[in-house]
file final-v7.pdb (PDB, N, CA and C atoms)
ATOM      1  N   MET A   1     -12.275 -12.960  35.957
ATOM      2  CA  MET A   1     -12.404 -12.816  34.517
ATOM      3  C   MET A   1     -12.314 -11.338  34.140
ATOM      4  N   ASP A   2     -12.886 -10.461  34.963
ATOM      5  CA  ASP A   2     -12.816  -9.031  34.690
ATOM      6  C   ASP A   2     -11.391  -8.507  34.819
ATOM      7  N   SER A   3     -10.619  -9.066  35.751
ATOM      8  CA  SER A   3      -9.227  -8.638  35.905
ATOM      9  C   SER A   3      -8.411  -9.028  34.686
ATOM     10  N   ASN A   4      -8.755 -10.140  34.024
ATOM     11  CA  ASN A   4      -8.070 -10.531  32.801
ATOM     12  C   ASN A   4      -8.312  -9.516  31.690
ATOM     13  N   LYS A   5      -9.533  -9.002  31.640
ATOM     14  CA  LYS A   5      -9.849  -7.993  30.642
ATOM     15  C   LYS A   5      -9.035  -6.722  30.887
ATOM     16  N   ASN A   6      -8.914  -6.307  32.129
ATOM     17  CA  ASN A   6      -8.138  -5.115  32.448
ATOM     18  C   ASN A   6      -6.665  -5.306  32.156
ATOM     19  N   SER A   7      -6.142  -6.515  32.325
ATOM     20  CA  SER A   7      -4.726  -6.744  32.060
ATOM     21  C   SER A   7      -4.435  -6.686  30.566
ATOM     22  N   GLU A   8      -5.426  -6.945  29.740
ATOM     23  CA  GLU A   8      -5.242  -6.901  28.292
ATOM     24  C   GLU A   8      -5.578  -5.530  27.706
ATOM     25  N   HIS A   9      -6.071  -4.617  28.505
ATOM     26  CA  HIS A   9      -6.414  -3.275  28.046
ATOM     27  C   HIS A   9      -5.139  -2.491  27.729
ATOM     28  N   VAL A  10      -5.117  -1.831  26.580
ATOM     29  CA  VAL A  10      -3.959  -1.046  26.165
ATOM     30  C   VAL A  10      -4.343   0.430  26.236
ATOM     31  N   SER A  11      -3.510   1.217  26.878
ATOM     32  CA  SER A  11      -3.787   2.640  27.056
ATOM     33  C   SER A  11      -3.708   3.380  25.723
ATOM     34  N   LEU A  12      -4.784   4.037  25.359
ATOM     35  CA  LEU A  12      -4.811   4.798  24.112
ATOM     36  C   LEU A  12      -3.830   5.965  24.166
ATOM     37  N   ARG A  13      -3.710   6.603  25.310
ATOM     38  CA  ARG A  13      -2.788   7.740  25.454
ATOM     39  C   ARG A  13      -1.342   7.304  25.189
ATOM     40  N   THR A  14      -0.930   6.188  25.787
ATOM     41  CA  THR A  14       0.428   5.686  25.576
ATOM     42  C   THR A  14       0.639   5.304  24.122
ATOM     43  N   GLN A  15      -0.363   4.685  23.538
ATOM     44  CA  GLN A  15      -0.263   4.295  22.131
ATOM     45  C   GLN A  15      -0.074   5.517  21.234
ATOM     46  N   LEU A  16      -0.847   6.565  21.488
ATOM     47  CA  LEU A  16      -0.744   7.759  20.659
ATOM     48  C   LEU A  16       0.593   8.464  20.854
ATOM     49  N   ILE A  17       1.119   8.442  22.072
ATOM     50  CA  ILE A  17       2.443   9.033  22.294
ATOM     51  C   ILE A  17       3.488   8.271  21.496
ATOM     52  N   LEU A  18       3.421   6.946  21.517
ATOM     53  CA  LEU A  18       4.363   6.143  20.748
ATOM     54  C   LEU A  18       4.216   6.385  19.248
ATOM     55  N   ALA A  19       2.985   6.584  18.785
ATOM     56  CA  ALA A  19       2.747   6.776  17.359
ATOM     57  C   ALA A  19       3.135   8.166  16.879
ATOM     58  N   VAL A  20       3.017   9.174  17.743
ATOM     59  CA  VAL A  20       3.320  10.542  17.346
ATOM     60  C   VAL A  20       4.825  10.765  17.188
ATOM     61  N   ILE A  21       5.615  10.038  17.947
ATOM     62  CA  ILE A  21       7.066  10.169  17.806
ATOM     63  C   ILE A  21       7.454   9.675  16.416
ATOM     64  N   PRO A  22       8.081  10.530  15.606
ATOM     65  CA  PRO A  22       8.399  10.105  14.228
ATOM     66  C   PRO A  22       9.608   9.169  14.199
ATOM     67  N   SER A  23       9.447   8.022  14.818
ATOM     68  CA  SER A  23      10.504   7.023  14.880
ATOM     69  C   SER A  23       9.919   5.665  14.527
ATOM     70  N   PHE A  24      10.608   4.959  13.682
ATOM     71  CA  PHE A  24      10.173   3.630  13.261
ATOM     72  C   PHE A  24      10.015   2.712  14.472
ATOM     73  N   ILE A  25      10.946   2.760  15.396
ATOM     74  CA  ILE A  25      10.945   1.848  16.540
ATOM     75  C   ILE A  25       9.753   2.104  17.460
ATOM     76  N   SER A  26       9.500   3.353  17.806
ATOM     77  CA  SER A  26       8.385   3.632  18.718
ATOM     78  C   SER A  26       7.039   3.296  18.072
ATOM     79  N   GLN A  27       6.920   3.536  16.779
ATOM     80  CA  GLN A  27       5.673   3.210  16.106
ATOM     81  C   GLN A  27       5.472   1.703  15.992
ATOM     82  N   ILE A  28       6.547   0.966  15.774
ATOM     83  CA  ILE A  28       6.448  -0.493  15.720
ATOM     84  C   ILE A  28       6.067  -1.054  17.092
ATOM     85  N   ILE A  29       6.582  -0.460  18.154
ATOM     86  CA  ILE A  29       6.202  -0.893  19.504
ATOM     87  C   ILE A  29       4.703  -0.707  19.713
ATOM     88  N   ALA A  30       4.175   0.419  19.233
ATOM     89  CA  ALA A  30       2.733   0.668  19.362
ATOM     90  C   ALA A  30       1.930  -0.386  18.601
ATOM     91  N   PHE A  31       2.362  -0.741  17.391
ATOM     92  CA  PHE A  31       1.664  -1.784  16.634
ATOM     93  C   PHE A  31       1.790  -3.152  17.311
ATOM     94  N   TYR A  32       2.950  -3.438  17.863
ATOM     95  CA  TYR A  32       3.173  -4.719  18.536
ATOM     96  C   TYR A  32       2.248  -4.880  19.746
ATOM     97  N   ARG A  33       2.038  -3.826  20.498
ATOM     98  CA  ARG A  33       1.218  -3.895  21.713
ATOM     99  C   ARG A  33      -0.234  -4.237  21.414
ATOM    100  N   ILE A  34      -0.702  -3.945  20.207
ATOM    101  CA  ILE A  34      -2.096  -4.255  19.856
ATOM    102  C   ILE A  34      -2.177  -5.430  18.880
ATOM    103  N   LYS A  35      -1.067  -6.175  18.780
ATOM    104  CA  LYS A  35      -1.006  -7.389  17.967
ATOM    105  C   LYS A  35      -1.257  -7.117  16.478
ATOM    106  N   LYS A  36      -0.716  -6.000  15.985
ATOM    107  CA  LYS A  36      -0.808  -5.657  14.567
ATOM    108  C   LYS A  36       0.599  -5.406  14.007
ATOM    109  N   LEU A  37       1.562  -6.209  14.437
ATOM    110  CA  LEU A  37       2.952  -5.977  14.068
ATOM    111  C   LEU A  37       3.185  -6.095  12.566
ATOM    112  N   VAL A  38       2.628  -7.121  11.941
ATOM    113  CA  VAL A  38       2.847  -7.317  10.500
ATOM    114  C   VAL A  38       2.258  -6.147   9.712
ATOM    115  N   TYR A  39       1.045  -5.749  10.056
ATOM    116  CA  TYR A  39       0.438  -4.607   9.370
ATOM    117  C   TYR A  39       1.231  -3.330   9.627
ATOM    118  N   GLY A  40       1.727  -3.175  10.843
ATOM    119  CA  GLY A  40       2.530  -2.008  11.181
ATOM    120  C   GLY A  40       3.811  -1.940  10.367
ATOM    121  N   ILE A  41       4.470  -3.084  10.209
ATOM    122  CA  ILE A  41       5.697  -3.110   9.409
ATOM    123  C   ILE A  41       5.392  -2.776   7.957
ATOM    124  N   ILE A  42       4.301  -3.304   7.434
ATOM    125  CA  ILE A  42       3.904  -2.994   6.050
ATOM    126  C   ILE A  42       3.649  -1.495   5.900
ATOM    127  N   ILE A  43       2.934  -0.911   6.839
ATOM    128  CA  ILE A  43       2.653   0.528   6.805
ATOM    129  C   ILE A  43       3.945   1.330   6.881
ATOM    130  N   GLU A  44       4.842   0.949   7.790
ATOM    131  CA  GLU A  44       6.101   1.683   7.955
ATOM    132  C   GLU A  44       6.979   1.593   6.710
ATOM    133  N   VAL A  45       7.041   0.436   6.076
ATOM    134  CA  VAL A  45       7.842   0.293   4.852
ATOM    135  C   VAL A  45       7.237   1.120   3.728
ATOM    136  N   ALA A  46       5.914   1.095   3.606
ATOM    137  CA  ALA A  46       5.259   1.911   2.574
ATOM    138  C   ALA A  46       5.507   3.397   2.809
ATOM    139  N   ILE A  47       5.404   3.830   4.046
ATOM    140  CA  ILE A  47       5.663   5.239   4.369
ATOM    141  C   ILE A  47       7.112   5.606   4.061
ATOM    142  N   PHE A  48       8.042   4.702   4.364
ATOM    143  CA  PHE A  48       9.454   4.958   4.075
ATOM    144  C   PHE A  48       9.664   5.234   2.594
ATOM    145  N   PHE A  49       9.073   4.393   1.732
ATOM    146  CA  PHE A  49       9.261   4.585   0.294
ATOM    147  C   PHE A  49       8.540   5.831  -0.221
ATOM    148  N   ILE A  50       7.382   6.122   0.323
ATOM    149  CA  ILE A  50       6.680   7.353  -0.064
ATOM    150  C   ILE A  50       7.506   8.574   0.326
ATOM    151  N   ASP A  51       8.033   8.559   1.552
ATOM    152  CA  ASP A  51       8.888   9.668   1.998
ATOM    153  C   ASP A  51      10.152   9.779   1.161
ATOM    154  N   LEU A  52      10.723   8.643   0.800
ATOM    155  CA  LEU A  52      11.927   8.644  -0.037
ATOM    156  C   LEU A  52      11.653   9.280  -1.395
ATOM    157  N   ILE A  53      10.543   8.936  -1.983
ATOM    158  CA  ILE A  53      10.168   9.512  -3.284
ATOM    159  C   ILE A  53       9.942  11.017  -3.149
ATOM    160  N   ILE A  54       9.256  11.413  -2.093
ATOM    161  CA  ILE A  54       9.021  12.847  -1.871
ATOM    162  C   ILE A  54      10.345  13.587  -1.704
ATOM    163  N   GLN A  55      11.272  13.027  -0.946
ATOM    164  CA  GLN A  55      12.560  13.674  -0.716
ATOM    165  C   GLN A  55      13.398  13.754  -1.986
ATOM    166  N   VAL A  56      13.268  12.765  -2.871
ATOM    167  CA  VAL A  56      14.013  12.790  -4.125
ATOM    168  C   VAL A  56      13.423  13.820  -5.085
ATOM    169  N   VAL A  57      12.118  13.902  -5.139
ATOM    170  CA  VAL A  57      11.445  14.789  -6.085
ATOM    171  C   VAL A  57      11.488  16.249  -5.624
ATOM    172  N   ILE A  58      11.293  16.473  -4.332
ATOM    173  CA  ILE A  58      11.198  17.834  -3.808
ATOM    174  C   ILE A  58      12.409  18.090  -2.911
ATOM    175  N   SER A  59      13.004  19.247  -3.019
ATOM    176  CA  SER A  59      14.208  19.567  -2.249
ATOM    177  C   SER A  59      13.938  19.554  -0.743
ATOM    178  N   TRP A  60      15.015  19.600   0.051
ATOM    179  CA  TRP A  60      14.973  19.317   1.481
ATOM    180  C   TRP A  60      13.932  20.069   2.296
ATOM    181  N   PRO A  61      13.898  21.372   2.372
ATOM    182  CA  PRO A  61      12.944  21.925   3.342
ATOM    183  C   PRO A  61      11.490  21.641   2.971
ATOM    184  N   ALA A  62      11.156  21.797   1.709
ATOM    185  CA  ALA A  62       9.765  21.575   1.294
ATOM    186  C   ALA A  62       9.400  20.096   1.357
ATOM    187  N   GLY A  63      10.331  19.237   0.986
ATOM    188  CA  GLY A  63      10.069  17.797   1.030
ATOM    189  C   GLY A  63       9.832  17.306   2.437
ATOM    190  N   MET A  64      10.598  17.840   3.384
ATOM    191  CA  MET A  64      10.425  17.439   4.782
ATOM    192  C   MET A  64       9.092  17.932   5.331
ATOM    193  N   ILE A  65       8.685  19.124   4.959
ATOM    194  CA  ILE A  65       7.401  19.671   5.411
ATOM    195  C   ILE A  65       6.247  18.816   4.895
ATOM    196  N   ILE A  66       6.395  18.300   3.689
ATOM    197  CA  ILE A  66       5.348  17.453   3.114
ATOM    198  C   ILE A  66       5.373  16.048   3.708
ATOM    199  N   SER A  67       6.567  15.488   3.906
ATOM    200  CA  SER A  67       6.654  14.088   4.341
ATOM    201  C   SER A  67       6.425  13.895   5.841
ATOM    202  N   LEU A  68       6.705  14.891   6.657
ATOM    203  CA  LEU A  68       6.530  14.721   8.104
ATOM    204  C   LEU A  68       5.073  14.435   8.508
ATOM    205  N   PRO A  69       4.088  15.152   7.969
ATOM    206  CA  PRO A  69       2.701  14.791   8.323
ATOM    207  C   PRO A  69       2.316  13.379   7.875
ATOM    208  N   ILE A  70       2.888  12.918   6.774
ATOM    209  CA  ILE A  70       2.618  11.550   6.319
ATOM    210  C   ILE A  70       3.252  10.556   7.277
ATOM    211  N   THR A  71       4.497  10.834   7.675
ATOM    212  CA  THR A  71       5.243   9.944   8.563
ATOM    213  C   THR A  71       4.562   9.796   9.914
ATOM    214  N   VAL A  72       3.927  10.838  10.388
ATOM    215  CA  VAL A  72       3.276  10.797  11.701
ATOM    216  C   VAL A  72       1.781  10.499  11.566
ATOM    217  N   GLY A  73       1.126  11.105  10.607
ATOM    218  CA  GLY A  73      -0.333  11.021  10.501
ATOM    219  C   GLY A  73      -0.882   9.640  10.227
ATOM    220  N   ILE A  74      -0.281   8.932   9.295
ATOM    221  CA  ILE A  74      -0.791   7.605   8.939
ATOM    222  C   ILE A  74      -0.654   6.618  10.095
ATOM    223  N   PRO A  75       0.527   6.514  10.741
ATOM    224  CA  PRO A  75       0.597   5.607  11.891
ATOM    225  C   PRO A  75      -0.333   5.997  13.041
ATOM    226  N   VAL A  76      -0.477   7.289  13.306
ATOM    227  CA  VAL A  76      -1.377   7.727  14.381
ATOM    228  C   VAL A  76      -2.806   7.287  14.072
ATOM    229  N   TYR A  77      -3.237   7.447  12.830
ATOM    230  CA  TYR A  77      -4.591   7.046  12.444
ATOM    231  C   TYR A  77      -4.818   5.557  12.710
ATOM    232  N   TYR A  78      -3.899   4.713  12.218
ATOM    233  CA  TYR A  78      -4.089   3.273  12.362
ATOM    234  C   TYR A  78      -3.884   2.792  13.792
ATOM    235  N   VAL A  79      -2.934   3.364  14.509
ATOM    236  CA  VAL A  79      -2.739   2.976  15.916
ATOM    237  C   VAL A  79      -3.978   3.321  16.720
ATOM    238  N   ARG A  80      -4.548   4.483  16.513
ATOM    239  CA  ARG A  80      -5.762   4.874  17.241
ATOM    240  C   ARG A  80      -6.919   3.948  16.899
ATOM    241  N   LYS A  81      -7.131   3.737  15.604
ATOM    242  CA  LYS A  81      -8.230   2.892  15.137
ATOM    243  C   LYS A  81      -8.102   1.470  15.690
ATOM    244  N   TRP A  82      -6.929   0.883  15.553
ATOM    245  CA  TRP A  82      -6.743  -0.502  15.972
ATOM    246  C   TRP A  82      -6.671  -0.653  17.487
ATOM    247  N   THR A  83      -6.205   0.362  18.209
ATOM    248  CA  THR A  83      -6.206   0.290  19.669
ATOM    249  C   THR A  83      -7.636   0.302  20.203
ATOM    250  N   LEU A  84      -8.477   1.164  19.630
ATOM    251  CA  LEU A  84      -9.882   1.182  20.051
ATOM    252  C   LEU A  84     -10.552  -0.161  19.759
ATOM    253  N   GLU A  85     -10.275  -0.743  18.586
ATOM    254  CA  GLU A  85     -10.830  -2.057  18.248
ATOM    255  C   GLU A  85     -10.293  -3.128  19.190
ATOM    256  N   PHE A  86      -9.000  -3.076  19.485
ATOM    257  CA  PHE A  86      -8.377  -4.051  20.373
ATOM    258  C   PHE A  86      -8.996  -3.994  21.763
ATOM    259  N   ASN A  87      -9.228  -2.796  22.258
ATOM    260  CA  ASN A  87      -9.805  -2.648  23.595
ATOM    261  C   ASN A  87     -11.280  -3.040  23.641
ATOM    262  N   ARG A  88     -11.982  -2.969  22.514
ATOM    263  CA  ARG A  88     -13.402  -3.348  22.464
ATOM    264  C   ARG A  88     -13.606  -4.855  22.400
ATOM    265  N   THR A  89     -12.646  -5.574  21.826
ATOM    266  CA  THR A  89     -12.839  -7.005  21.654
ATOM    267  C   THR A  89     -12.794  -7.712  23.007
ATOM    268  N   PRO A  90     -13.692  -8.670  23.208
ATOM    269  CA  PRO A  90     -13.684  -9.382  24.492
ATOM    270  C   PRO A  90     -12.446 -10.257  24.609
ATOM    271  N   LYS A  91     -11.831 -10.244  25.772
ATOM    272  CA  LYS A  91     -10.644 -11.051  26.037
ATOM    273  C   LYS A  91     -11.068 -12.233  26.898
ATOM    274  N   GLY A  92     -10.875 -13.419  26.400
ATOM    275  CA  GLY A  92     -11.236 -14.602  27.164
ATOM    276  C   GLY A  92      -9.996 -15.354  27.620
ATOM    277  N   LEU A  93     -10.226 -16.563  28.036
ATOM    278  CA  LEU A  93      -9.109 -17.390  28.480
ATOM    279  C   LEU A  93      -8.283 -17.892  27.312
ATOM    280  N   PHE A  94      -8.889 -17.985  26.141
ATOM    281  CA  PHE A  94      -8.181 -18.530  24.986
ATOM    282  C   PHE A  94      -7.958 -17.478  23.960
TER     283      PHE A  94
END
call {"tool": "encode", "arguments": {"input": "final-v7.pdb", "output": "structure tokens"}}
result
Amino acid sequence: MDSNKNSEHVSLRTQLILAVIPSFISQIIAFYRIKKLVYGIIIEVAIFFIDLIIQVVISWPAGMIISLPITVGIPVYYVRKWTLEFNRTPKGLF
């Protein structure tokens, strides 16, 4: 039973590496690994539109400086939070 718990454990370090990469695909993989794919897609779509608005309103260099922390920071926050919760929950047979 303890080995089952270890097999379901998700490495926080790997999750954070996937989340820090400013790529939709790597961040979605991180959400998928902790069974939060739908929430991850919602977050990624919202971030896309926020970044799009920032890029339209503010010219390229300044807009990118503002949007990059949003693009990376929000997914990192939720991936970290949900990975810790995922690893804390007891894993049973069902």
call {"tool": "atom_distance", "arguments": {"input": "final-v7.pdb", "atom1": "CA of Ile29 (chain A)", "atom2": "CA of Thr83 (chain A)"}}
result
12.5 Å
call {"tool": "resolve_selection", "arguments": {"input": "final-v7.pdb", "expression": "the PyMOL selection byres ((chain A and resi 41-51) around 7)", "output": "list of chain:residue names"}}
result
A:Phe24, A:Ile28, A:Lys36, A:Leu37, A:Val38, A:Tyr39, A:Gly40, A:Leu52, A:Ile53, A:Ile54, A:Gln55, A:Val56, A:Ser67, A:Ile70, A:Thr71
call {"tool": "atom_distance", "arguments": {"input": "final-v7.pdb", "atom1": "atom C of Val20 (chain A)", "atom2": "atom N of Val72 (chain A)"}}
result
6.9 Å
call {"tool": "atom_distance", "arguments": {"input": "final-v7.pdb", "atom1": "CA of Ser23 (chain A)", "atom2": "atom C of Thr89 (chain A)"}}
result
28.7 Å
call {"tool": "select_by_dssp", "arguments": {"input": "final-v7.pdb", "residues": "chain A", "states": "alpha helix (DSSP H)", "output": "count of residues only"}}
result
76
call {"tool": "closest_residue", "arguments": {"input": "final-v7.pdb", "among": "A:Val57, A:Leu18, A:Gly73, A:Phe86", "to": "Ala30 (chain A)", "atoms": "all atoms listed in the file"}}
result
A:Leu18
call {"tool": "residues_around", "arguments": {"input": "final-v7.pdb", "residues": "Leu16 (chain A)", "least_positions_apart": "4", "cutoff": "8 Å", "atoms": "all atoms listed in the file", "output": "JSON, numbers by chain"}}
result
{"A": [11, 12, 20, 21, 30, 75, 76, 79, 80]}
call {"tool": "axis_aligned_box", "arguments": {"input": "final-v7.pdb", "around": "region 9-27 of chain A", "padding_each_side": "8 Å", "output": "JSON"}}
result
{"center_x": 2.3, "center_y": 3.1, "center_z": 20.9, "size_x": 33.4, "size_y": 31.4, "size_z": 31.2}
call {"tool": "closest_residue", "arguments": {"input": "final-v7.pdb", "among": "A:Asn87, A:Tyr32, A:Gln27, A:Ile58", "to": "His9 (chain A)", "atoms": "only N, CA and C atoms"}}
result
A:Asn87
call {"tool": "closest_residue", "arguments": {"input": "final-v7.pdb", "among": "A:Met64, A:Lys35, A:Arg13, A:Ala19", "to": "Trp82 (chain A)", "atoms": "all atoms listed in the file"}}
result
A:Lys35
call {"tool": "decode", "arguments": {"input": "final-v7.pdb", "residues": "region 1-37 of chain A", "atoms": "N, CA and C atoms", "output": "JSON list (two decimals), in the first residue's frame"}}
result
[["chain", "number", "residue", "atom", "x", "y", "z"],
["A", 1, "MET", "N", 0.84, -1.19, 0.00],
["A", 1, "MET", "CA", 0.00, 0.00, 0.00],
["A", 1, "MET", "C", 0.88, 1.25, 0.00],
["A", 2, "ASP", "N", 2.00, 1.21, 0.72],
["A", 2, "ASP", "CA", 2.91, 2.35, 0.75],
["A", 2, "ASP", "C", 3.57, 2.57, -0.61],
["A", 3, "SER", "N", 3.85, 1.48, -1.33],
["A", 3, "SER", "CA", 4.45, 1.62, -2.66],
["A", 3, "SER", "C", 3.47, 2.27, -3.62],
["A", 4, "ASN", "N", 2.17, 2.05, -3.44],
["A", 4, "ASN", "CA", 1.17, 2.71, -4.27],
["A", 4, "ASN", "C", 1.19, 4.22, -4.05],
["A", 5, "LYS", "N", 1.38, 4.62, -2.80],
["A", 5, "LYS", "CA", 1.46, 6.04, -2.50],
["A", 5, "LYS", "C", 2.68, 6.67, -3.17],
["A", 6, "ASN", "N", 3.81, 5.99, -3.14],
["A", 6, "ASN", "CA", 5.01, 6.52, -3.77],
["A", 6, "ASN", "C", 4.87, 6.59, -5.28],
["A", 7, "SER", "N", 4.13, 5.66, -5.88],
["A", 7, "SER", "CA", 3.97, 5.69, -7.33],
["A", 7, "SER", "C", 3.09, 6.85, -7.76],
["A", 8, "GLU", "N", 2.23, 7.32, -6.88],
["A", 8, "GLU", "CA", 1.35, 8.45, -7.20],
["A", 8, "GLU", "C", 1.97, 9.79, -6.81],
["A", 9, "HIS", "N", 3.10, 9.79, -6.16],
["A", 9, "HIS", "CA", 3.77, 11.02, -5.75],
["A", 9, "HIS", "C", 4.32, 11.75, -6.98],
["A", 10, "VAL", "N", 4.08, 13.05, -7.06],
["A", 10, "VAL", "CA", 4.55, 13.86, -8.18],
["A", 10, "VAL", "C", 5.66, 14.77, -7.66],
["A", 11, "SER", "N", 6.78, 14.78, -8.36],
["A", 11, "SER", "CA", 7.93, 15.58, -7.95],
["A", 11, "SER", "C", 7.63, 17.07, -8.09],
["A", 12, "LEU", "N", 7.75, 17.80, -7.00],
["A", 12, "LEU", "CA", 7.52, 19.24, -7.03],
["A", 12, "LEU", "C", 8.56, 19.94, -7.90],
["A", 13, "ARG", "N", 9.79, 19.49, -7.85],
["A", 13, "ARG", "CA", 10.86, 20.11, -8.66],
["A", 13, "ARG", "C", 10.55, 20.00, -10.15],
["A", 14, "THR", "N", 10.15, 18.81, -10.60],
["A", 14, "THR", "CA", 9.81, 18.62, -12.01],
["A", 14, "THR", "C", 8.61, 19.46, -12.39],
["A", 15, "GLN", "N", 7.64, 19.52, -11.51],
["A", 15, "GLN", "CA", 6.45, 20.33, -11.78],
["A", 15, "GLN", "C", 6.81, 21.80, -11.95],
["A", 16, "LEU", "N", 7.66, 22.31, -11.07],
["A", 16, "LEU", "CA", 8.04, 23.71, -11.15],
["A", 16, "LEU", "C", 8.87, 24.00, -12.39],
["A", 17, "ILE", "N", 9.71, 23.06, -12.80],
["A", 17, "ILE", "CA", 10.47, 23.25, -14.04],
["A", 17, "ILE", "C", 9.51, 23.34, -15.22],
["A", 18, "LEU", "N", 8.52, 22.46, -15.26],
["A", 18, "LEU", "CA", 7.54, 22.50, -16.34],
["A", 18, "LEU", "C", 6.73, 23.80, -16.32],
["A", 19, "ALA", "N", 6.43, 24.30, -15.13],
["A", 19, "ALA", "CA", 5.62, 25.51, -15.02],
["A", 19, "ALA", "C", 6.41, 26.77, -15.33],
["A", 20, "VAL", "N", 7.71, 26.78, -15.04],
["A", 20, "VAL", "CA", 8.52, 27.97, -15.26],
["A", 20, "VAL", "C", 8.78, 28.21, -16.75],
["A", 21, "ILE", "N", 8.82, 27.14, -17.52],
["A", 21, "ILE", "CA", 9.02, 27.31, -18.96],
["A", 21, "ILE", "C", 7.80, 28.03, -19.53],
["A", 22, "PRO", "N", 8.00, 29.19, -20.15],
["A", 22, "PRO", "CA", 6.83, 29.95, -20.64],
["A", 22, "PRO", "C", 6.26, 29.34, -21.92],
["A", 23, "SER", "N", 5.78, 28.13, -21.80],
["A", 23, "SER", "CA", 5.20, 27.41, -22.93],
["A", 23, "SER", "C", 3.88, 26.80, -22.50],
["A", 24, "PHE", "N", 2.89, 26.97, -23.32],
["A", 24, "PHE", "CA", 1.56, 26.43, -23.05],
["A", 24, "PHE", "C", 1.63, 24.91, -22.85],
["A", 25, "ILE", "N", 2.38, 24.23, -23.68],
["A", 25, "ILE", "CA", 2.44, 22.77, -23.65],
["A", 25, "ILE", "C", 3.07, 22.26, -22.35],
["A", 26, "SER", "N", 4.20, 22.82, -21.96],
["A", 26, "SER", "CA", 4.86, 22.33, -20.74],
["A", 26, "SER", "C", 4.01, 22.62, -19.50],
["A", 27, "GLN", "N", 3.34, 23.76, -19.49],
["A", 27, "GLN", "CA", 2.50, 24.08, -18.34],
["A", 27, "GLN", "C", 1.27, 23.18, -18.29],
["A", 28, "ILE", "N", 0.71, 22.85, -19.44],
["A", 28, "ILE", "CA", -0.43, 21.94, -19.47],
["A", 28, "ILE", "C", -0.02, 20.54, -19.00],
["A", 29, "ILE", "N", 1.18, 20.12, -19.36],
["A", 29, "ILE", "CA", 1.68, 18.82, -18.89],
["A", 29, "ILE", "C", 1.76, 18.81, -17.37],
["A", 30, "ALA", "N", 2.23, 19.92, -16.79],
["A", 30, "ALA", "CA", 2.31, 20.01, -15.33],
["A", 30, "ALA", "C", 0.93, 19.91, -14.70],
["A", 31, "PHE", "N", -0.07, 20.59, -15.28],
["A", 31, "PHE", "CA", -1.43, 20.49, -14.75],
["A", 31, "PHE", "C", -2.01, 19.08, -14.92],
["A", 32, "TYR", "N", -1.72, 18.46, -16.04],
["A", 32, "TYR", "CA", -2.22, 17.11, -16.31],
["A", 32, "TYR", "C", -1.68, 16.10, -15.29],
["A", 33, "ARG", "N", -0.43, 16.23, -14.92],
["A", 33, "ARG", "CA", 0.20, 15.27, -13.99],
["A", 33, "ARG", "C", -0.44, 15.30, -12.61],
["A", 34, "ILE", "N", -1.06, 16.42, -12.24],
["A", 34, "ILE", "CA", -1.69, 16.51, -10.92],
["A", 34, "ILE", "C", -3.22, 16.48, -11.03],
["A", 35, "LYS", "N", -3.70, 16.05, -12.21],
["A", 35, "LYS", "CA", -5.13, 15.87, -12.45],
["A", 35, "LYS", "C", -5.92, 17.18, -12.32],
["A", 36, "LYS", "N", -5.33, 18.27, -12.81],
["A", 36, "LYS", "CA", -6.00, 19.57, -12.83],
["A", 36, "LYS", "C", -5.99, 20.14, -14.26],
["A", 37, "LEU", "N", -6.19, 19.27, -15.24],
["A", 37, "LEU", "CA", -6.08, 19.68, -16.63],
["A", 37, "LEU", "C", -7.11, 20.73, -17.02]]
